[in-house]
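Visitor: My structure is stored as run_35.txt, with compact mmCIF, C-alpha atoms and all ligand atoms.
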```txt
# COMPACT_ATOMS: atom_id res chain seq x y z
CA MET A 1 -5.23 -14.98 -16.66
CA ASN A 2 -8.59 -15.88 -18.27
CA ASN A 3 -10.01 -19.29 -17.41
CA PHE A 4 -13.27 -20.78 -18.50
CA PHE A 5 -14.76 -24.25 -18.85
CA ILE A 6 -16.14 -25.97 -21.88
CA THR A 7 -19.02 -27.85 -20.34
CA LEU A 8 -20.00 -31.09 -22.05
CA PRO A 9 -22.04 -34.09 -20.85
CA ASP A 10 -18.99 -36.38 -20.46
CA ASN A 11 -15.83 -34.39 -21.08
CA SER A 12 -15.82 -30.90 -19.60
CA TYR A 13 -12.43 -29.20 -19.58
CA PRO A 14 -10.77 -25.90 -18.81
CA VAL A 15 -9.33 -23.42 -21.26
CA ILE A 16 -6.58 -21.48 -19.51
CA ILE A 17 -5.35 -18.34 -21.27
CA GLY A 18 -2.60 -16.05 -20.04
CA ASN A 19 0.83 -14.58 -20.65
CA ASN A 20 3.79 -16.41 -19.12
CA LEU A 21 1.64 -19.10 -17.53
CA PRO A 22 3.29 -21.14 -14.71
CA ILE A 23 3.26 -24.32 -16.77
CA ARG A 24 5.13 -26.31 -14.09
CA ASP A 25 2.19 -25.80 -11.72
CA ILE A 26 -0.65 -26.00 -14.23
CA LEU A 27 0.19 -29.05 -16.35
CA PRO A 28 0.42 -31.70 -13.58
CA GLN A 29 -3.21 -31.01 -12.67
CA TYR A 30 -4.23 -32.53 -16.01
CA VAL A 31 -1.68 -35.34 -16.38
CA SER A 32 -3.32 -38.65 -15.49
CA GLY A 33 -0.48 -41.12 -14.77
CA GLN A 34 3.32 -41.21 -14.63
CA GLN A 35 3.94 -41.25 -18.37
CA ILE A 36 3.91 -38.39 -20.86
CA LEU A 37 4.63 -38.21 -24.58
CA ILE A 38 5.20 -34.70 -25.90
CA VAL A 39 4.50 -34.55 -29.63
CA THR A 40 5.97 -31.57 -31.46
CA ASN A 41 7.81 -30.76 -34.69
CA GLN A 42 11.27 -29.85 -35.98
CA THR A 43 10.58 -26.11 -35.89
CA ILE A 44 9.02 -25.88 -32.45
CA ALA A 45 11.28 -28.37 -30.65
CA PRO A 46 14.43 -26.21 -30.63
CA LEU A 47 12.40 -23.26 -29.33
CA TYR A 48 10.28 -24.76 -26.59
CA LEU A 49 10.77 -28.49 -26.00
CA SER A 50 13.54 -28.46 -23.40
CA ALA A 51 11.77 -25.86 -21.22
CA LEU A 52 8.65 -28.01 -21.26
CA GLN A 53 10.61 -31.17 -20.42
CA GLU A 54 12.26 -29.35 -17.52
CA ALA A 55 8.83 -28.55 -16.11
CA LEU A 56 7.93 -32.26 -16.16
CA THR A 57 10.96 -33.97 -14.61
CA GLN A 58 8.83 -35.96 -12.15
CA TYR A 59 7.35 -37.99 -15.03
CA GLN A 60 8.62 -40.50 -17.59
CA CYS A 61 8.59 -37.74 -20.17
CA ASP A 62 9.22 -38.98 -23.73
CA THR A 63 9.27 -36.84 -26.83
CA LEU A 64 8.53 -37.25 -30.51
CA ILE A 65 9.65 -34.66 -33.06
CA LEU A 66 7.70 -34.90 -36.31
CA PRO A 67 8.59 -33.25 -39.62
CA ASP A 68 6.96 -29.84 -40.01
CA GLY A 69 4.09 -29.08 -42.35
CA GLU A 70 0.53 -29.82 -43.41
CA ASN A 71 1.92 -32.42 -45.82
CA PHE A 72 2.94 -34.47 -42.79
CA LYS A 73 -0.54 -34.50 -41.26
CA ASN A 74 -0.83 -38.05 -42.55
CA PHE A 75 -0.74 -41.76 -41.75
CA SER A 76 3.07 -41.87 -41.50
CA SER A 77 3.17 -39.25 -38.75
CA LEU A 78 0.31 -40.98 -36.98
CA SER A 79 2.19 -44.31 -37.19
CA LEU A 80 5.30 -42.67 -35.73
CA ILE A 81 3.26 -41.64 -32.68
CA TYR A 82 1.84 -45.16 -32.23
CA ASP A 83 5.31 -46.70 -32.76
CA THR A 84 6.82 -44.46 -30.09
CA LEU A 85 4.04 -45.17 -27.61
CA VAL A 86 4.25 -48.94 -28.11
CA LYS A 87 8.07 -49.14 -28.11
CA LEU A 88 8.34 -47.05 -24.94
CA ASN A 89 5.62 -49.08 -23.21
CA HIS A 90 3.12 -46.30 -22.69
CA HIS A 91 0.04 -47.60 -20.90
CA ARG A 92 -3.59 -46.53 -20.96
CA THR A 93 -2.83 -44.01 -18.23
CA THR A 94 -0.37 -42.09 -20.40
CA THR A 95 -0.87 -38.43 -21.37
CA LEU A 96 -0.08 -37.02 -24.79
CA ILE A 97 0.84 -33.33 -24.93
CA ALA A 98 0.45 -31.56 -28.28
CA LEU A 99 3.07 -28.80 -28.39
CA GLY A 100 2.50 -26.98 -31.67
CA GLY A 101 0.07 -25.51 -34.15
CA GLY A 102 -3.10 -27.00 -35.53
CA VAL A 103 -1.27 -29.74 -37.43
CA ILE A 104 0.39 -31.15 -34.30
CA GLY A 105 -2.82 -30.65 -32.28
CA ASP A 106 -4.98 -32.49 -34.82
CA ILE A 107 -2.62 -35.47 -35.27
CA THR A 108 -1.84 -35.83 -31.57
CA GLY A 109 -5.53 -35.65 -30.68
CA PHE A 110 -6.32 -38.37 -33.21
CA ALA A 111 -3.51 -40.57 -31.89
CA ALA A 112 -4.77 -40.03 -28.33
CA SER A 113 -8.32 -40.94 -29.33
CA THR A 114 -7.24 -44.27 -30.80
CA TYR A 115 -4.19 -45.45 -28.81
CA GLN A 116 -5.42 -48.25 -26.53
CA ARG A 117 -8.98 -47.04 -27.27
CA GLY A 118 -8.31 -43.56 -25.95
CA VAL A 119 -5.81 -41.87 -23.64
CA ASN A 120 -5.50 -38.48 -22.00
CA PHE A 121 -4.26 -35.52 -24.02
CA ILE A 122 -3.52 -31.85 -23.45
CA GLN A 123 -3.39 -29.07 -26.02
CA LEU A 124 -0.54 -26.56 -25.77
CA PRO A 125 -1.14 -24.51 -28.93
CA THR A 126 1.71 -22.37 -30.24
CA THR A 127 0.20 -20.62 -33.31
CA LEU A 128 -2.45 -17.91 -33.35
CA LEU A 129 -4.68 -20.12 -35.48
CA ALA A 130 -4.46 -22.99 -33.02
CA GLN A 131 -4.91 -20.65 -30.03
CA VAL A 132 -8.11 -19.06 -31.38
CA ASP A 133 -9.57 -22.15 -32.97
CA ALA A 134 -7.92 -25.52 -33.62
CA SER A 135 -7.05 -26.42 -30.02
CA ILE A 136 -10.66 -26.05 -28.85
CA GLY A 137 -13.55 -28.39 -29.50
CA GLY A 138 -12.06 -31.85 -29.90
CA LYS A 139 -11.98 -32.23 -33.67
CA THR A 140 -8.96 -34.40 -34.46
CA ALA A 141 -7.83 -35.58 -37.87
CA ILE A 142 -5.25 -36.49 -40.46
CA ASN A 143 -5.54 -35.75 -44.17
CA HIS A 144 -6.23 -38.27 -46.92
CA PRO A 145 -4.55 -37.62 -50.29
CA LEU A 146 -8.01 -36.96 -51.76
CA GLY A 147 -9.32 -34.72 -49.03
CA LYS A 148 -8.39 -32.72 -45.97
CA ASN A 149 -9.20 -34.01 -42.47
CA MET A 150 -10.97 -37.04 -43.96
CA ILE A 151 -9.84 -39.45 -41.21
CA GLY A 152 -10.55 -38.28 -37.70
CA SER A 153 -12.60 -38.32 -34.54
CA PHE A 154 -14.28 -36.13 -31.99
CA TYR A 155 -12.12 -36.42 -28.89
CA GLN A 156 -11.87 -33.70 -26.27
CA PRO A 157 -8.60 -32.77 -24.54
CA LYS A 158 -8.26 -32.78 -20.75
CA ALA A 159 -7.21 -29.11 -20.88
CA VAL A 160 -6.25 -26.41 -23.34
CA ILE A 161 -3.43 -24.18 -22.10
CA ILE A 162 -2.90 -21.07 -24.19
CA ASP A 163 0.06 -18.74 -23.71
CA PRO A 164 0.27 -15.86 -26.21
CA ILE A 165 3.98 -15.65 -25.42
CA PHE A 166 4.48 -18.39 -28.05
CA LEU A 167 3.38 -15.87 -30.68
CA ASN A 168 6.63 -13.92 -30.18
CA THR A 169 8.51 -16.45 -32.33
CA LEU A 170 5.75 -17.08 -34.85
CA PRO A 171 6.61 -15.84 -38.36
CA GLU A 172 4.49 -12.84 -39.39
CA ARG A 173 2.83 -14.70 -42.27
CA GLN A 174 1.64 -17.38 -39.81
CA LEU A 175 0.40 -14.73 -37.39
CA ARG A 176 -1.60 -13.03 -40.16
CA ALA A 177 -3.04 -16.39 -41.26
CA GLY A 178 -4.58 -16.74 -37.79
CA PHE A 179 -6.81 -13.83 -38.72
CA GLY A 180 -8.56 -16.03 -41.31
CA GLU A 181 -10.26 -17.76 -38.38
CA ILE A 182 -10.61 -14.56 -36.31
CA ILE A 183 -12.52 -12.83 -39.13
CA LYS A 184 -14.67 -15.96 -39.33
CA TYR A 185 -15.58 -15.51 -35.66
CA ALA A 186 -16.26 -11.82 -36.23
CA LEU A 187 -18.71 -12.73 -39.01
CA LEU A 188 -20.40 -15.44 -36.96
CA GLN A 189 -20.71 -13.27 -33.87
CA GLY A 190 -21.19 -9.77 -35.32
CA GLY A 191 -21.64 -6.97 -32.77
CA ASP A 192 -18.68 -5.90 -30.64
CA LEU A 193 -16.28 -8.54 -31.96
CA PHE A 194 -16.96 -7.56 -35.57
CA ASP A 195 -16.39 -3.89 -34.71
CA HIS A 196 -13.24 -4.77 -32.76
CA VAL A 197 -11.74 -6.82 -35.63
CA LEU A 198 -12.74 -4.12 -38.11
CA ALA A 199 -10.90 -1.58 -35.96
CA ILE A 200 -7.82 -3.81 -35.76
CA THR A 201 -7.76 -4.26 -39.52
CA GLY A 202 -8.29 -0.53 -39.93
CA ASN A 203 -5.34 0.88 -38.06
CA THR A 204 -3.74 -1.39 -35.45
CA GLU A 205 -0.19 -2.74 -35.77
CA LEU A 206 0.04 -6.47 -35.02
CA LYS A 207 2.48 -5.71 -32.19
CA ASP A 208 -0.13 -3.55 -30.44
CA ILE A 209 -2.87 -6.20 -30.35
CA HIS A 210 -4.01 -7.37 -26.92
CA TRP A 211 -3.77 -11.07 -27.75
CA GLU A 212 -5.10 -12.46 -24.49
CA GLU A 213 -8.38 -10.60 -24.90
CA LEU A 214 -8.83 -11.45 -28.58
CA ILE A 215 -7.96 -15.13 -28.11
CA THR A 216 -10.31 -15.44 -25.13
CA TRP A 217 -13.13 -13.88 -27.13
CA CYS A 218 -12.72 -16.36 -30.02
CA CYS A 219 -12.27 -19.39 -27.74
CA GLN A 220 -15.43 -18.52 -25.82
CA ILE A 221 -17.43 -18.27 -29.02
CA LYS A 222 -16.08 -21.59 -30.27
CA GLY A 223 -16.72 -23.11 -26.85
CA SER A 224 -20.36 -22.07 -26.92
CA TYR A 225 -20.91 -23.71 -30.33
CA VAL A 226 -19.19 -26.89 -29.09
CA GLU A 227 -21.27 -26.95 -25.90
CA GLN A 228 -24.49 -26.73 -27.92
CA ASP A 229 -23.51 -29.33 -30.51
CA GLU A 230 -20.37 -31.31 -29.63
CA LYS A 231 -20.51 -33.76 -32.58
CA GLU A 232 -21.61 -31.27 -35.24
CA ASN A 233 -25.09 -32.58 -35.81
CA ASN A 234 -26.42 -29.08 -36.13
CA ASN A 235 -25.23 -25.54 -35.50
CA ARG A 236 -21.55 -26.39 -34.95
CA ALA A 237 -21.38 -26.72 -38.75
CA LEU A 238 -21.59 -22.91 -38.88
CA LEU A 239 -17.99 -22.85 -37.65
CA ASN A 240 -17.10 -24.15 -41.11
CA LEU A 241 -17.87 -20.76 -42.64
CA GLY A 242 -15.52 -20.40 -45.62
CA HIS A 243 -14.03 -23.86 -45.08
CA THR A 244 -15.64 -25.77 -47.98
CA PHE A 245 -13.80 -23.42 -50.34
CA ALA A 246 -10.67 -23.40 -48.17
CA HIS A 247 -10.31 -27.18 -47.90
CA ALA A 248 -10.83 -27.65 -51.66
CA LEU A 249 -8.19 -24.99 -52.39
CA GLU A 250 -5.73 -26.58 -49.98
CA THR A 251 -6.27 -30.06 -51.44
CA TYR A 252 -6.07 -28.75 -55.02
CA THR A 253 -2.78 -26.98 -54.35
CA GLN A 254 -1.45 -29.93 -52.28
CA TYR A 255 -0.86 -27.62 -49.30
CA GLN A 256 1.97 -25.89 -51.19
CA CYS A 257 0.34 -22.57 -51.96
CA PHE A 258 -1.75 -21.35 -49.03
CA LEU A 259 -1.53 -21.60 -45.26
CA HIS A 260 -4.79 -22.88 -43.80
CA GLY A 261 -5.78 -19.44 -42.51
CA GLU A 262 -5.02 -17.89 -45.90
CA ALA A 263 -7.24 -20.43 -47.65
CA VAL A 264 -9.95 -19.64 -45.09
CA GLY A 265 -9.61 -15.94 -46.01
CA ILE A 266 -10.34 -16.73 -49.67
CA GLY A 267 -13.15 -19.02 -48.51
CA LEU A 268 -14.75 -16.23 -46.48
CA TYR A 269 -14.72 -13.93 -49.47
CA CYS A 270 -16.24 -16.68 -51.67
CA ALA A 271 -18.92 -17.33 -49.03
CA ALA A 272 -19.72 -13.61 -49.02
CA LEU A 273 -20.01 -13.53 -52.83
CA LEU A 274 -22.24 -16.60 -52.78
CA SER A 275 -24.45 -15.09 -50.08
CA GLN A 276 -24.67 -11.92 -52.13
CA ARG A 277 -25.51 -13.87 -55.28
CA VAL A 278 -28.49 -15.60 -53.67
CA GLY A 279 -29.73 -12.23 -52.45
CA ARG A 280 -29.02 -12.65 -48.74
CA LEU A 281 -25.98 -10.40 -48.17
CA ASP A 282 -25.63 -6.73 -48.99
CA ALA A 283 -22.75 -6.11 -51.44
CA ASN A 284 -21.21 -3.60 -49.02
CA TYR A 285 -20.44 -6.42 -46.58
CA SER A 286 -18.55 -8.38 -49.28
CA LEU A 287 -16.49 -5.27 -49.90
CA GLN A 288 -15.90 -4.86 -46.17
CA ILE A 289 -14.76 -8.50 -45.83
CA SER A 290 -12.45 -8.13 -48.80
CA GLY A 291 -11.08 -4.91 -47.27
CA MET A 292 -10.40 -6.60 -43.92
CA LEU A 293 -8.51 -9.44 -45.62
CA THR A 294 -6.50 -7.06 -47.76
CA ALA A 295 -5.60 -4.88 -44.76
CA LEU A 296 -4.23 -7.99 -43.04
CA LYS A 297 -2.28 -8.90 -46.18
CA LEU A 298 -4.33 -12.07 -46.55
CA PRO A 299 -5.30 -13.32 -50.00
CA ASN A 300 -8.97 -13.14 -50.91
CA ARG A 301 -9.00 -14.19 -54.55
CA ILE A 302 -8.61 -17.58 -56.28
CA PRO A 303 -5.42 -17.81 -58.38
CA GLN A 304 -5.98 -17.74 -62.15
CA THR A 305 -4.10 -21.02 -62.51
CA ILE A 306 -6.86 -22.96 -60.75
CA ASP A 307 -9.29 -24.96 -62.88
CA ILE A 308 -12.67 -24.01 -61.44
CA GLN A 309 -14.45 -27.20 -62.51
CA LYS A 310 -11.76 -29.33 -60.82
CA LEU A 311 -12.01 -27.18 -57.71
CA TYR A 312 -15.78 -27.66 -57.71
CA ASP A 313 -15.30 -31.43 -58.06
CA LEU A 314 -13.23 -31.40 -54.85
CA PHE A 315 -16.28 -30.08 -52.97
CA GLN A 316 -17.72 -33.59 -53.35
CA HIS A 317 -15.24 -34.75 -50.68
CA ASP A 318 -16.41 -32.10 -48.22
CA LYS A 319 -17.46 -33.50 -44.87
CA LYS A 320 -20.39 -31.08 -44.67
CA MET A 321 -22.10 -32.92 -47.54
CA LEU A 322 -25.27 -34.56 -46.34
CA ASN A 323 -27.22 -37.08 -48.46
CA ASN A 324 -25.07 -36.19 -51.44
CA LYS A 325 -25.97 -32.51 -51.23
CA LEU A 326 -23.39 -29.79 -50.85
CA ARG A 327 -23.95 -27.57 -47.82
CA PHE A 328 -22.45 -24.11 -47.57
CA VAL A 329 -22.41 -21.70 -44.66
CA LEU A 330 -23.77 -18.40 -45.94
CA ILE A 331 -23.86 -14.95 -44.37
CA GLU A 332 -26.93 -12.76 -44.04
CA ARG A 333 -25.07 -10.14 -42.06
CA PRO A 334 -22.32 -10.19 -39.42
CA GLY A 335 -23.94 -12.05 -36.52
CA LEU A 336 -26.33 -14.05 -38.69
CA CYS A 337 -25.02 -17.01 -40.70
CA TYR A 338 -26.95 -20.07 -41.87
CA LEU A 339 -26.55 -23.40 -43.68
CA ASP A 340 -27.83 -23.75 -47.23
CA ASP A 341 -27.97 -27.10 -49.05
CA ALA A 342 -30.17 -25.99 -51.95
CA LEU A 343 -27.72 -23.97 -53.99
CA GLU A 344 -27.56 -24.31 -57.76
CA LYS A 345 -24.31 -25.59 -59.24
CA LYS A 346 -24.37 -22.68 -61.70
CA ASP A 347 -24.43 -20.12 -58.87
CA ILE A 348 -21.50 -21.79 -57.15
CA ILE A 349 -19.44 -22.01 -60.35
CA ASP A 350 -20.27 -18.39 -61.27
CA VAL A 351 -19.15 -17.22 -57.83
CA LEU A 352 -15.90 -19.18 -58.09
CA MET A 353 -15.24 -17.54 -61.47
CA GLU A 354 -16.05 -14.13 -60.00
CA ALA A 355 -13.57 -14.75 -57.17
CA VAL A 356 -10.70 -15.50 -59.55
CA GLU A 357 -7.98 -12.84 -59.30
CA GLY A 358 -7.97 -10.16 -61.97
CA ASP A 359 -10.78 -7.78 -62.89
N1 LIG A 401 -9.28 -29.21 -35.03
C1 LIG A 401 -9.83 -28.08 -35.38
O1 LIG A 401 -10.91 -27.71 -34.91
C2 LIG A 401 -9.13 -27.22 -36.38
C3 LIG A 401 -9.57 -25.91 -36.60
C4 LIG A 401 -8.86 -25.10 -37.48
C5 LIG A 401 -7.74 -25.60 -38.13
N2 LIG A 401 -7.35 -26.87 -37.90
C6 LIG A 401 -6.17 -27.42 -38.57
O2 LIG A 401 -5.03 -26.70 -38.12
C7 LIG A 401 -4.03 -26.76 -39.11
C8 LIG A 401 -3.43 -25.40 -39.30
O3 LIG A 401 -2.85 -25.01 -38.09
P1 LIG A 401 -1.71 -23.89 -38.01
O4 LIG A 401 -2.11 -22.73 -38.81
O5 LIG A 401 -1.42 -23.74 -36.57
O6 LIG A 401 -0.50 -24.55 -38.83
P2 LIG A 401 0.76 -25.42 -38.37
O7 LIG A 401 0.43 -26.31 -37.27
O8 LIG A 401 1.30 -26.00 -39.62
O9 LIG A 401 1.79 -24.31 -37.82
C9 LIG A 401 2.21 -23.30 -38.69
C10 LIG A 401 3.75 -23.17 -38.75
O10 LIG A 401 4.19 -22.45 -37.62
C11 LIG A 401 5.24 -23.16 -36.96
N3 LIG A 401 5.12 -22.81 -35.55
C12 LIG A 401 4.17 -23.16 -34.70
N4 LIG A 401 4.28 -22.51 -33.55
C13 LIG A 401 5.36 -21.72 -33.66
C14 LIG A 401 5.98 -20.79 -32.80
N5 LIG A 401 5.46 -20.49 -31.62
N6 LIG A 401 7.09 -20.16 -33.23
C15 LIG A 401 7.59 -20.41 -34.48
N7 LIG A 401 7.03 -21.25 -35.34
C16 LIG A 401 5.92 -21.91 -34.93
C17 LIG A 401 4.96 -24.59 -37.29
O11 LIG A 401 6.11 -25.37 -37.14
C18 LIG A 401 4.50 -24.48 -38.73
O12 LIG A 401 5.60 -24.37 -39.59
C19 LIG A 401 -4.67 -27.30 -40.37
O13 LIG A 401 -4.29 -28.64 -40.54
C20 LIG A 401 -6.15 -27.22 -40.06
O14 LIG A 401 -6.88 -28.21 -40.73
C21 LIG A 401 -8.00 -27.68 -37.04
```
Could you write out this file's structure as structure tokens?

Guide:
Amino acid sequence: MNNFFITLPDNSYPVIIGNNLPIRDILPQYVSGQQILIVTNQTIAPLYLSALQEALTQYQCDTLILPDGENFKNFSSLSLIYDTLVKLNHHRTTTLIALGGGVIGDITGFAASTYQRGVNFIQLPTTLLAQVDASIGGKTAINHPLGKNMIGSFYQPKAVIIDPIFLNTLPERQLRAGFGEIIKYALLQGGDLFDHVLAITGNTELKDIHWEELITWCCQIKGSYVEQDEKENNNRALLNLGHTFAHALETYTQYQCFLHGEAVGIGLYCAALLSQRVGRLDANYSLQISGMLTALKLPNRIPQTIDIQKLYDLFQHDKKMLNNKLRFVLIERPGLCYLDDALEKKDIIDVLMEAVEGD
């Protein structure tokens, strides 16, 4: 088992990572009162909900099963959580448990941050993407029809409990999508992690990956960014590497075309091309990034059907915009990324065109 703390001025919390964790013993340490609401979805509930309920029989343990999908990361799902909490008389001492991927984690966290001005919540992530990234750091949100994650808050969980055993039932496409964020961490961190991920993409079967080690590595990196800059006033924005492109692609395609991690893969490749275009990144690295994505069967090109000007227009809704200026995370080399808000529109458009699939 790998445990570490995310240390923050007001809300420090443990991240507990291990195979077959004794959930019955661990969870009660982070439950505040006598009431629990487990929030999950239609896909995860039949697999894991009853076992979790059985581990919590000493509590008033209520459940809410939401419809599955990014399209349901919206006001209606949020309202369903509030409705359930109010109807079942959950008090300020209640604890919300997010049992699911990043969608469930983000909505449940947002509900917890606003119900009765803030109640306890625990992250129990069940996808690779949520285990390496979304469950850590306290960003909570729902989508607005015009932009992803536009309504949200910073609200830290009481604990993040990560069991790679959940990955056994995760569809392969979802597992691969988790690598969008893992490659992001490899680019941010460089060094041993970059070499490790490069080796995995070179010749390792997914079934042979030592998940506990890889997840711990990514969580610790994310944790260190969060500890330095909890509310993203500064360097935490680097964690958005590839995400300006990814969020615009997801919004454009109305979440029907790409999984989040897949869109991040395309975004990483676009960020590499843009870094190359402004003379900061060697072309060999762009090729290497493209090769890693391809080896993992992740997309790295923008579909031909996408109108590049309309995609560019969606960047205007990006949360990284400051004072009306677009800000991109660019790469100088693995281990050295930086924020740039002085890019020319022409360079960005040219790079988007260059990233379109085809020759
Ligand atoms: N808060 C953050 O810091 C942060 C960071 C990265 C991403 N995100 C958000 O996370 C979301 C993407 O998360 P995701 O990739 O986990 O998607 P997801 O939550 O939609 O889960 C992916 C799919 O896998 C299914 N699933 C989950 N666990 C399973 C399991 N163990 N077995 C079988 N099926 C399972 C889900 O039902 C869903 O169909 C996006 O909304 C993104 O914006 C948030």

Visitor: Calculate, to one decimal in Å, the centre and edge lengths of the box along x, y and z of the file that holds all listed atoms of region 97-103 of chain A with 8 Å of margin on each side, and present them as JSON.

Guide:
```
{"center_x": 0.0, "center_y": -29.4, "center_z": -31.2, "size_x": 22.2, "size_y": 23.8, "size_z": 28.5}
```

Visitor: Which residues form the shell of 6 Å around ligand LIG 401 (chain A) when you count all atoms listed in the file, given as a PDB file with C-alpha atoms, in the coordinates of the input?

Guide:
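Printed below is result_12.pdb as written:
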```pdb
ATOM      1  CA  THR A  43      10.580 -26.110 -35.890  1.00  0.00           C
ATOM      2  CA  ILE A  44       9.020 -25.880 -32.450  1.00  0.00           C
ATOM      3  CA  ASP A  68       6.960 -29.840 -40.010  1.00  0.00           C
ATOM      4  CA  GLY A  69       4.090 -29.080 -42.350  1.00  0.00           C
ATOM      5  CA  GLU A  70       0.530 -29.820 -43.410  1.00  0.00           C
ATOM      6  CA  GLY A 100       2.500 -26.980 -31.670  1.00  0.00           C
ATOM      7  CA  GLY A 101       0.070 -25.510 -34.150  1.00  0.00           C
ATOM      8  CA  GLY A 102      -3.100 -27.000 -35.530  1.00  0.00           C
ATOM      9  CA  VAL A 103      -1.270 -29.740 -37.430  1.00  0.00           C
ATOM     10  CA  ILE A 104       0.390 -31.150 -34.300  1.00  0.00           C
ATOM     11  CA  ASP A 106      -4.980 -32.490 -34.820  1.00  0.00           C
ATOM     12  CA  THR A 126       1.710 -22.370 -30.240  1.00  0.00           C
ATOM     13  CA  THR A 127       0.200 -20.620 -33.310  1.00  0.00           C
ATOM     14  CA  LEU A 129      -4.680 -20.120 -35.480  1.00  0.00           C
ATOM     15  CA  ALA A 130      -4.460 -22.990 -33.020  1.00  0.00           C
ATOM     16  CA  ASP A 133      -9.570 -22.150 -32.970  1.00  0.00           C
ATOM     17  CA  ALA A 134      -7.920 -25.520 -33.620  1.00  0.00           C
ATOM     18  CA  LYS A 139     -11.980 -32.230 -33.670  1.00  0.00           C
ATOM     19  CA  THR A 140      -8.960 -34.400 -34.460  1.00  0.00           C
ATOM     20  CA  PHE A 166       4.480 -18.390 -28.050  1.00  0.00           C
ATOM     21  CA  LEU A 167       3.380 -15.870 -30.680  1.00  0.00           C
ATOM     22  CA  THR A 169       8.510 -16.450 -32.330  1.00  0.00           C
ATOM     23  CA  LEU A 170       5.750 -17.080 -34.850  1.00  0.00           C
ATOM     24  CA  HIS A 260      -4.790 -22.880 -43.800  1.00  0.00           C
TER      25      HIS A 260
END
```

Visitor: Name the residues in contact with Ile266 (chain A) at a cut-off of 9 Å, using all atoms listed in the file, excluding same-chain residues fewer than 2 positions from it; report them as a list in words.

Guide: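 Answer for this query is Gly180, Gly242, Phe245, Ala246, Leu249, Gly261, Glu262, Ala263, Val264, Leu268, Tyr269, Cys270, Ala271, Ser290, Leu293, Leu298, Pro299, Asn300, Arg301, Ile302 and Ala355 of chain A.
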
Visitor: Please work out which residues fall within 12 Å of (-15.4, -7.3, -47.0), coordinates as given in the file, with all atoms listed in the file counting, and return them as an MDAnalysis selection string.

Guide: chainID A and resid 183:184 186:187 194 197:198 201 265:266 268:273 276 281:296 300 331 333:334

Visitor: If you measure from CA of Ile6 (chain A) to CA of Asp195 (chain A), what distance in Å do you get, rounded to one decimal?

Guide: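 Going from CA of Ile6 (chain A) over to CA of Asp195 (chain A) covers 25.5 Å.
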
Visitor: Go ahead and compute the interatomic distance for CA of Leu326 (chain A) and CA of Cys218 (chain A), in Å to one decimal.

Guide: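 Computing the Euclidean distance for CA of Leu326 (chain A) and CA of Cys218 (chain A) yields 27.0 Å.
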
Visitor: What does the structure give for the distance between CA of Ile17 (chain A) and CA of Gln220 (chain A), in Å to one decimal?

Guide: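 Here the two named atoms are 11.1 Å from each other.
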
Visitor: For the contact check between region 150-177 of chain A and region 223-228 of chain A, emit one row per residue of region 150-177 of chain A within 12 Å, containing the shortest atom pair and the distance in Å rounded to one decimal, counting only C-alpha atoms, chain then rising number order, as JSON lines.

Guide:
```
{"residue": "A:Phe154", "atom": "CA", "partner": "A:Val226", "partner_atom": "CA", "distance": 10.9}
{"residue": "A:Tyr155", "atom": "CA", "partner": "A:Val226", "partner_atom": "CA", "distance": 11.9}
{"residue": "A:Gln156", "atom": "CA", "partner": "A:Val226", "partner_atom": "CA", "distance": 10.4}
{"residue": "A:Val160", "atom": "CA", "partner": "A:Gly223", "partner_atom": "CA", "distance": 11.5}
```

Visitor: Counting all atoms listed in the file, which residues come within 12 Å of (7.5, -37.3, -22.2), with the point read in the file's coordinates, and could you list them as a compact mmCIF listing (two decimals) with C-alpha atoms, in the frame of the given file?

Guide:
```txt
# COMPACT_ATOMS: atom_id res chain seq x y z
CA VAL A 31 -1.68 -35.34 -16.38
CA GLY A 33 -0.48 -41.12 -14.77
CA GLN A 34 3.32 -41.21 -14.63
CA GLN A 35 3.94 -41.25 -18.37
CA ILE A 36 3.91 -38.39 -20.86
CA LEU A 37 4.63 -38.21 -24.58
CA ILE A 38 5.20 -34.70 -25.90
CA VAL A 39 4.50 -34.55 -29.63
CA THR A 40 5.97 -31.57 -31.46
CA LEU A 49 10.77 -28.49 -26.00
CA SER A 50 13.54 -28.46 -23.40
CA LEU A 52 8.65 -28.01 -21.26
CA GLN A 53 10.61 -31.17 -20.42
CA GLU A 54 12.26 -29.35 -17.52
CA ALA A 55 8.83 -28.55 -16.11
CA LEU A 56 7.93 -32.26 -16.16
CA THR A 57 10.96 -33.97 -14.61
CA GLN A 58 8.83 -35.96 -12.15
CA TYR A 59 7.35 -37.99 -15.03
CA GLN A 60 8.62 -40.50 -17.59
CA CYS A 61 8.59 -37.74 -20.17
CA ASP A 62 9.22 -38.98 -23.73
CA THR A 63 9.27 -36.84 -26.83
CA LEU A 64 8.53 -37.25 -30.51
CA ILE A 65 9.65 -34.66 -33.06
CA THR A 84 6.82 -44.46 -30.09
CA LEU A 85 4.04 -45.17 -27.61
CA LEU A 88 8.34 -47.05 -24.94
CA ASN A 89 5.62 -49.08 -23.21
CA HIS A 90 3.12 -46.30 -22.69
CA THR A 94 -0.37 -42.09 -20.40
CA THR A 95 -0.87 -38.43 -21.37
CA LEU A 96 -0.08 -37.02 -24.79
CA ILE A 97 0.84 -33.33 -24.93
CA ALA A 98 0.45 -31.56 -28.28
CA LEU A 99 3.07 -28.80 -28.39
```

Visitor: Smallest atom-to-atom distance to Leu314 (chain A): which of A:Gly267, A:Pro46, A:Gly147, A:Gly279, using all atoms listed in the file?

Guide: A:Gly147

Visitor: Using all atoms listed in the file, which residue out of A:Leu239, A:Met353, A:Leu343, A:Val86 lies closest to Lys222 (chain A)?

Guide: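 Going through A:Leu239, A:Met353, A:Leu343, A:Val86 one by one, the smallest distance to Lys222 (chain A) is for A:Leu239.
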